[in-house]
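For reference, the structure discussed in these notes is given below.
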Amino acid sequence: MPQLLEDELFPSTPGKFKMERGHTMNRQFHRCFASTSTMFLWALFLIALTASYLSFQSFVDSGSRYFSASWGGIQWEKQVRNSAQIHRSGGMAVLVTGAAGFVGTHVSLALKKRGDGVVGIDNFNSYYDPSLKRARKSLLNNHGILVVEGDVNDGRLLAKLFDAVAFTHVMHLAAQAGVRYAMENPQSYVQSNIAGLVTLLEVCKSANPQPAIVWASSSSVYGLNEKVPFSESDRTDQPASLYAATKKAGEEITHTYNHIYGLSITGLRFFTVYGPWGRPDMAYFSFTRNILQGKSITVYRGKNQVDLARDFTYIDDIVKGCLGSLDTAKRSTGSGGKKRGPAQYRIFNLGNTSPVTVPELVNILERHLKVKAKRNIVDMPGNGDVPFTHANISYAQREFGYKPTTDLQTGLKKFVRWYLSYYGYSSKIVN
């Protein structure tokens, strides 16, 4: 290419130019000029080549950042779709919020095991040790379940998930849990249990098709109700804690979205769920830890020195109730935010129907751990706890055959086995 340019500037055919007396100097000048021009063109070429490389490298880097982002991008969408793939006839594609939580992990595994598509979302907050949540996430990943790290308050993320997958169902378990913590950080309950719920409902109402929604309310909504056992038709307008109030607000909010937008919604009032992979803030979990460490445990008692009692419900029984609710949930009747007819709205109690006192819970743990607990008996403070819970589960029994099968003795034995294994204790403690 340089030789061609030089030939065009200085033709080799005689007679093309009339040379004057200074032809030698001119020829040298022209050769010098040609050489300079050639170098200049080469420089331009190299600059252009360098610019092209840098531009390409920038494109690769930006593409790499796009693909490696915590969410978004072609690879991410492919992972979401793969996780949501259904592997059974008549199966469902379920978005599970709070998937790295206690109940969320077990429900996700059960859905995947039977061939449903599952995609999880969790914000891995630090209300309790996030390493336990990370361990649950690893467990889910090992079973082919993707857990997206994000918050249900992030409407853009939720919309992106629905763009990638036409979810048939949503299992909404993400929430700020705990009764007593509400006195320390009330805003977290409003942010998660109310604002997060509304954000999710807004995305679901606009989805096409709209998913059926099953979500976790709580037995705490019964509050100061003294009629036992607690039935779904009982009054729930006397909450004893902010946590209970946010869950009650959630029931009213979901009813509104059901009425206006045709979303099929089922609320589940869980009664004191326990079992392997449980929450460290729960009494049975912290009692186990403190007993093994030789520390004292605080056991509350109610008015007139009456023992507190709870309707402890094993995690496998709760999972059966969650799956039964999903399986019997009817389709939402709206589309693109517009209601086309009345939609299903239900609330179920999911409990064990056999309340056990807290002192008896400790007795069972002592037997399984073969260690005597150091009990510190104190009167129950006014921190939002209620003296007893007792579920009437007849409605869930009629609707989808809900029947708990694990008593506290058996369930705690399974929990203790898991606890000892997870935290590296000798397995010989439990027979």
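Labels used: A, B, ... for chains in the order of the structure tokens, numbers from 1 for residues in each chain, and numbers from 1 for ligands as shown.
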Would you give me, as a Markdown table, each residue of stretch 261-318 of chain A having an atom within 10 Å of an atom of stretch 199-213 of chain A, along with its shortest atom pair and that distance in Å to one decimal, using only C-alpha atoms and sorting by chain and residue number?
```
| residue | atom | partner | partner_atom | distance |
| --- | --- | --- | --- | --- |
| A:Tyr261 | CA | A:Lys205 | CA | 6.3 |
| A:Gly262 | CA | A:Lys205 | CA | 7.9 |
| A:Leu263 | CA | A:Ala212 | CA | 6.5 |
| A:Ser264 | CA | A:Ala212 | CA | 4.9 |
| A:Ile265 | CA | A:Ile213 | CA | 4.8 |
| A:Thr266 | CA | A:Ile213 | CA | 6.3 |
| A:Gly267 | CA | A:Ile213 | CA | 8.5 |
```
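Per DSSP on the backbone, strand (DSSP E) in stretch 211-329 of chain A comprises A:Ala212, A:Ile213, A:Val214, A:Trp215, A:Ala216, A:Ile265, A:Thr266, A:Gly267, A:Leu268, A:Arg269, A:Phe270, A:Val273, A:Tyr274, A:Ser296, A:Ile297, A:Thr298, A:Val299, A:Tyr300, A:Arg301, A:Ala309, A:Arg310, A:Thr313, A:Tyr314.
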Serialized selection, C-alpha atoms, as a compact mmCIF listing (two decimals), in the first residue's frame:
```txt
# COMPACT_ATOMS: atom_id res chain seq x y z
CA ALA A 212 -51.77 -17.40 42.25
CA ILE A 213 -50.24 -16.23 45.54
CA VAL A 214 -49.77 -18.16 48.77
CA TRP A 215 -48.15 -16.19 51.58
CA ALA A 216 -47.15 -16.53 55.21
CA ILE A 265 -54.56 -15.25 47.33
CA THR A 266 -54.17 -17.72 50.19
CA GLY A 267 -52.82 -16.66 53.59
CA LEU A 268 -51.28 -19.17 55.98
CA ARG A 269 -51.21 -18.60 59.73
CA PHE A 270 -48.21 -20.61 60.90
CA VAL A 273 -42.65 -23.80 63.35
CA TYR A 274 -39.57 -25.79 64.43
CA SER A 296 -28.67 -20.83 81.81
CA ILE A 297 -31.90 -20.51 79.84
CA THR A 298 -34.72 -18.09 80.58
CA VAL A 299 -38.14 -19.72 80.81
CA TYR A 300 -41.06 -17.32 80.96
CA ARG A 301 -44.30 -17.97 82.78
CA ALA A 309 -47.79 -23.09 75.95
CA ARG A 310 -47.28 -23.21 72.19
CA THR A 313 -45.58 -27.51 64.49
CA TYR A 314 -42.86 -29.55 62.81
```
Please list as a compact mmCIF listing (two decimals) with N, CA and C atoms, in the first residue's frame every residue within 9 Å of A:Ile121, counting only C-alpha atoms and excluding residues in the same chain fewer than 5 positions away.
```txt
# COMPACT_ATOMS: atom_id res chain seq x y z
N LEU A 95 -42.21 -18.88 42.19
CA LEU A 95 -41.26 -17.93 42.74
C LEU A 95 -41.39 -17.98 44.25
N VAL A 96 -40.32 -18.36 44.94
CA VAL A 96 -40.35 -18.46 46.40
C VAL A 96 -39.54 -17.30 46.98
N THR A 97 -40.21 -16.39 47.67
CA THR A 97 -39.50 -15.30 48.34
C THR A 97 -39.08 -15.77 49.72
N GLY A 98 -37.93 -15.25 50.20
CA GLY A 98 -37.40 -15.74 51.47
C GLY A 98 -36.94 -17.18 51.34
N ALA A 99 -36.41 -17.53 50.16
CA ALA A 99 -36.07 -18.93 49.86
C ALA A 99 -34.94 -19.46 50.71
N ALA A 100 -34.05 -18.59 51.19
CA ALA A 100 -32.94 -19.03 52.04
C ALA A 100 -33.32 -19.00 53.52
N LEU A 146 -32.00 -22.06 41.91
CA LEU A 146 -31.33 -20.76 41.91
C LEU A 146 -31.96 -19.85 42.96
N VAL A 147 -31.13 -19.24 43.79
CA VAL A 147 -31.60 -18.23 44.74
C VAL A 147 -30.97 -16.90 44.35
N VAL A 148 -31.79 -15.98 43.91
CA VAL A 148 -31.34 -14.65 43.51
C VAL A 148 -31.19 -13.79 44.76
N GLU A 149 -30.07 -13.12 44.88
CA GLU A 149 -29.86 -12.24 46.03
C GLU A 149 -30.48 -10.88 45.74
N GLY A 150 -31.55 -10.57 46.44
CA GLY A 150 -32.26 -9.31 46.20
C GLY A 150 -33.39 -9.16 47.19
N ASP A 151 -34.02 -8.00 47.16
CA ASP A 151 -35.05 -7.66 48.14
C ASP A 151 -36.41 -7.57 47.46
N VAL A 152 -37.46 -7.98 48.18
CA VAL A 152 -38.80 -7.91 47.60
C VAL A 152 -39.27 -6.47 47.44
N ALA A 174 -40.90 -14.30 52.44
CA ALA A 174 -39.97 -13.26 52.90
C ALA A 174 -40.69 -12.35 53.90
```
Legend entry - Shell of 10 Å around A:Ala391, only C-alpha atoms, local chain residues under 6 positions omitted, as number ranges by chain: A: 219, 228-232, 269-271, 310-313, 348-355
Restricting the output to N, CA, C and O atoms, write the selected residues as a JSON list (two decimals), in the first residue's frame.
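The new file result_10.json reads:
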```json
[["chain", "number", "residue", "atom", "x", "y", "z"],
["A", 219, "SER", "N", -49.83, -16.93, 63.23],
["A", 219, "SER", "CA", -50.78, -17.15, 64.32],
["A", 219, "SER", "C", -50.77, -15.97, 65.28],
["A", 219, "SER", "O", -51.69, -15.82, 66.10],
["A", 228, "VAL", "N", -60.21, -20.54, 72.61],
["A", 228, "VAL", "CA", -59.36, -21.61, 72.08],
["A", 228, "VAL", "C", -60.21, -22.81, 71.66],
["A", 228, "VAL", "O", -61.26, -23.06, 72.26],
["A", 229, "PRO", "N", -59.75, -23.56, 70.65],
["A", 229, "PRO", "CA", -58.58, -23.26, 69.80],
["A", 229, "PRO", "C", -58.88, -22.10, 68.86],
["A", 229, "PRO", "O", -60.04, -21.77, 68.61],
["A", 230, "PHE", "N", -57.81, -21.47, 68.35],
["A", 230, "PHE", "CA", -57.97, -20.33, 67.45],
["A", 230, "PHE", "C", -58.52, -20.80, 66.09],
["A", 230, "PHE", "O", -57.97, -21.70, 65.47],
["A", 231, "SER", "N", -59.59, -20.16, 65.67],
["A", 231, "SER", "CA", -60.18, -20.46, 64.36],
["A", 231, "SER", "C", -60.05, -19.26, 63.43],
["A", 231, "SER", "O", -59.98, -18.11, 63.89],
["A", 232, "GLU", "N", -60.05, -19.53, 62.14],
["A", 232, "GLU", "CA", -59.87, -18.46, 61.15],
["A", 232, "GLU", "C", -60.94, -17.38, 61.24],
["A", 232, "GLU", "O", -60.71, -16.23, 60.87],
["A", 269, "ARG", "N", -51.58, -19.00, 58.37],
["A", 269, "ARG", "CA", -51.21, -18.60, 59.73],
["A", 269, "ARG", "C", -50.43, -19.73, 60.38],
["A", 269, "ARG", "O", -50.98, -20.72, 60.87],
["A", 270, "PHE", "N", -49.09, -19.59, 60.34],
["A", 270, "PHE", "CA", -48.21, -20.61, 60.90],
["A", 270, "PHE", "C", -48.23, -20.56, 62.42],
["A", 270, "PHE", "O", -48.25, -19.49, 63.02],
["A", 271, "PHE", "N", -48.16, -21.74, 63.04],
["A", 271, "PHE", "CA", -48.09, -21.85, 64.50],
["A", 271, "PHE", "C", -46.73, -22.43, 64.90],
["A", 271, "PHE", "O", -46.45, -23.61, 64.68],
["A", 310, "ARG", "N", -47.30, -23.49, 73.62],
["A", 310, "ARG", "CA", -47.28, -23.21, 72.19],
["A", 310, "ARG", "C", -47.72, -24.44, 71.40],
["A", 310, "ARG", "O", -47.47, -25.57, 71.79],
["A", 311, "ASP", "N", -48.36, -24.17, 70.28],
["A", 311, "ASP", "CA", -48.77, -25.23, 69.36],
["A", 311, "ASP", "C", -47.61, -25.50, 68.40],
["A", 311, "ASP", "O", -47.63, -25.10, 67.24],
["A", 312, "PHE", "N", -46.55, -26.15, 68.92],
["A", 312, "PHE", "CA", -45.34, -26.38, 68.13],
["A", 312, "PHE", "C", -45.66, -27.27, 66.92],
["A", 312, "PHE", "O", -46.23, -28.35, 67.06],
["A", 313, "THR", "N", -45.25, -26.80, 65.73],
["A", 313, "THR", "CA", -45.58, -27.51, 64.49],
["A", 313, "THR", "C", -44.30, -27.83, 63.73],
["A", 313, "THR", "O", -43.52, -26.93, 63.39],
["A", 348, "PHE", "N", -55.81, -19.96, 56.06],
["A", 348, "PHE", "CA", -55.77, -21.23, 56.78],
["A", 348, "PHE", "C", -54.87, -21.16, 58.00],
["A", 348, "PHE", "O", -53.82, -20.52, 57.97],
["A", 349, "ASN", "N", -55.27, -21.86, 59.06],
["A", 349, "ASN", "CA", -54.38, -22.15, 60.17],
["A", 349, "ASN", "C", -53.55, -23.38, 59.81],
["A", 349, "ASN", "O", -54.09, -24.38, 59.31],
["A", 350, "LEU", "N", -52.24, -23.32, 60.04],
["A", 350, "LEU", "CA", -51.39, -24.49, 59.91],
["A", 350, "LEU", "C", -50.69, -24.70, 61.24],
["A", 350, "LEU", "O", -49.73, -24.00, 61.57],
["A", 351, "GLY", "N", -51.21, -25.63, 62.03],
["A", 351, "GLY", "CA", -50.66, -25.92, 63.34],
["A", 351, "GLY", "C", -50.64, -27.41, 63.60],
["A", 351, "GLY", "O", -50.92, -28.21, 62.71],
["A", 352, "ASN", "N", -50.35, -27.78, 64.85],
["A", 352, "ASN", "CA", -50.29, -29.18, 65.23],
["A", 352, "ASN", "C", -51.49, -29.62, 66.05],
["A", 352, "ASN", "O", -51.75, -30.81, 66.19],
["A", 353, "THR", "N", -52.21, -28.64, 66.59],
["A", 353, "THR", "CA", -53.42, -28.83, 67.42],
["A", 353, "THR", "C", -53.14, -29.46, 68.78],
["A", 353, "THR", "O", -54.07, -29.86, 69.46],
["A", 354, "SER", "N", -51.88, -29.55, 69.17],
["A", 354, "SER", "CA", -51.53, -30.14, 70.47],
["A", 354, "SER", "C", -50.54, -29.25, 71.20],
["A", 354, "SER", "O", -49.32, -29.51, 71.18],
["A", 355, "PRO", "N", -51.01, -28.21, 71.87],
["A", 355, "PRO", "CA", -50.10, -27.30, 72.57],
["A", 355, "PRO", "C", -49.29, -28.02, 73.64],
["A", 355, "PRO", "O", -49.77, -28.94, 74.31]]
```
Inset, instruction - Using only C-alpha atoms, determine which residues lie at most 10 Å from A:Gly382, disregarding the query and same-chain residues fewer than 6 positions distant; provide the list as a ChimeraX atom specification. - result: /A:180,240-241
Legend entry - From A:Gly337, A:Pro359, A:Gly178, A:Gly424, residue lying nearest A:Leu292 [only C-alpha atoms]: A:Gly424
Inset, instruction - Using only C-alpha atoms, determine which residues lie at most 8 Å from A:His106, disregarding the query and same-chain residues fewer than 4 positions distant; provide the list as an MDAnalysis selection string. - result: chainID A and resid 102 110 315:316 319
Legend entry - Å distance separating atom CA of A:Thr288 from atom CA of A:Leu140, one decimal place: 25.3 Å
